[in-house]
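Enquirer: Starting off with a structure, shown below.
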Amino acid sequence: MARAARERSEQERESPHHDATGLHLSALPPSEADVIDVLRGVDDPEYPGVSVVDMGMIAGVAVRDGQVTVDLITTFSGCPALEVISSDIVAAVAALPGVADVAVRRSAEDWDTSRLSEQARAVMAADFTVAVAVPGRPAECPRCGAAALVEQSPFGPARCRAVHRCGACSEVVEVLRA
Ligand SMILES: [Zn+2]
């Protein structure tokens, strides 16, 4: 980018209320629903096949003059996938016509398992043998449905998950904590 263009875009970032005609975009900015649609194609790298939307990680989307802001709820603090997810979101949204810039902000909202869609729960059970714990109810085995999961170790592959074994069918199951 030429120096003049870079300085202009920096000025635009500093003054969000600038006149939209100052942007030389060839397409109209997408709607917030368009952005959500694109995010349905961005998977949580820990669970390929489960999108960040189905994970319940999108707190909100804002579009202003081609500047898109995505508020991301992090599922578990310290999960290393966060940077990958952020850059995947930026790449996917930036490819939309009319998008000048994409920012991913970390939402202050807390994530819990109630934010998972039914689709997310189904894929996690079928493809990853992950059971989702719901407060006040024992997690059920994704293989046989028995509520007979016995914790094997306090920490699974990530701090957010715990390895269990089913007392009924002996399947090793990861339980996603509520
Ligand atoms: Zn079982």
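Naming works like this for the structure tokens: A, B, ... for the chains as they're shown, residue 1 at the start of each chain, ligands 1 onward in shown order.
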Using only C-alpha atoms and all ligand atoms, determine which residues fall within 12 Å of ligand 1, then list them as a count of residues only.
Expert: 27
Enquirer: For Gly49 of chain A, find every residue with an atom within 12 Å (counting only C-alpha atoms), except residues of its own chain fewer than 6 positions away, and show them as a VMD selection string.
Expert: chain A and resid 40 to 43 55 119 to 128
Enquirer: Return as a list in words the full set of residues in segment 121-175 of chain A whose backbone-based DSSP assignment is alpha helix (DSSP H).
Expert: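 The alpha helix (DSSP H) residues within segment 121-175 of chain A come out as Arg121, Ala122, Val123, Met124, Ala125, Ala126, Asp127 and Phe128 of chain A.
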Enquirer: Can I get the selected residues back with N, CA and C atoms, as a short mmCIF file (atom, residue, chain, number, x, y, z; two decimals), in the first residue's frame?
Expert:
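What landed in selection.cif:
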data_model
loop_
_atom_site.label_atom_id
_atom_site.label_comp_id
_atom_site.auth_asym_id
_atom_site.auth_seq_id
_atom_site.Cartn_x
_atom_site.Cartn_y
_atom_site.Cartn_z
N ARG A 121 -23.67 -30.06 19.65
CA ARG A 121 -23.69 -31.20 20.58
C ARG A 121 -23.70 -32.52 19.82
N ALA A 122 -24.48 -32.57 18.73
CA ALA A 122 -24.60 -33.81 17.97
C ALA A 122 -23.27 -34.18 17.32
N VAL A 123 -22.59 -33.19 16.70
CA VAL A 123 -21.32 -33.48 16.04
C VAL A 123 -20.26 -33.86 17.08
N MET A 124 -20.26 -33.18 18.20
CA MET A 124 -19.27 -33.49 19.22
C MET A 124 -19.44 -34.90 19.76
N ALA A 125 -20.68 -35.30 19.96
CA ALA A 125 -20.94 -36.66 20.47
C ALA A 125 -20.55 -37.70 19.44
N ALA A 126 -20.95 -37.49 18.18
CA ALA A 126 -20.76 -38.50 17.14
C ALA A 126 -19.31 -38.57 16.67
N ASP A 127 -18.68 -37.42 16.47
CA ASP A 127 -17.35 -37.40 15.85
C ASP A 127 -16.21 -37.38 16.86
N PHE A 128 -16.46 -36.86 18.05
CA PHE A 128 -15.35 -36.66 18.98
C PHE A 128 -15.56 -37.35 20.33
#
Enquirer: With distances taken over only C-alpha atoms, which residue among A:Ser117, A:Asp34, A:Gly136, A:Leu176 lies nearest Val50 of chain A?
Expert: A:Ser117
Enquirer: Considering only C-alpha atoms, return as a VMD selection string whatever protein or nucleic-acid residues lie within 9 Å of segment 84-94 of chain A, sequence-local ones (same chain, fewer than 3 positions apart) excluded.
Expert: chain A and resid 35 38 to 39 41 to 45 52 68 70 72 80 to 81 97 to 105
Enquirer: Please determine, counting only C-alpha atoms, which residue among A:Ile36, A:Leu82, A:Ile73, A:Leu96 has the shortest atom-to-atom distance to Val61 of chain A.
Expert: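 Ranking A:Ile36, A:Leu82, A:Ile73, A:Leu96 by distance to Val61 of chain A, first place goes to A:Ile36.
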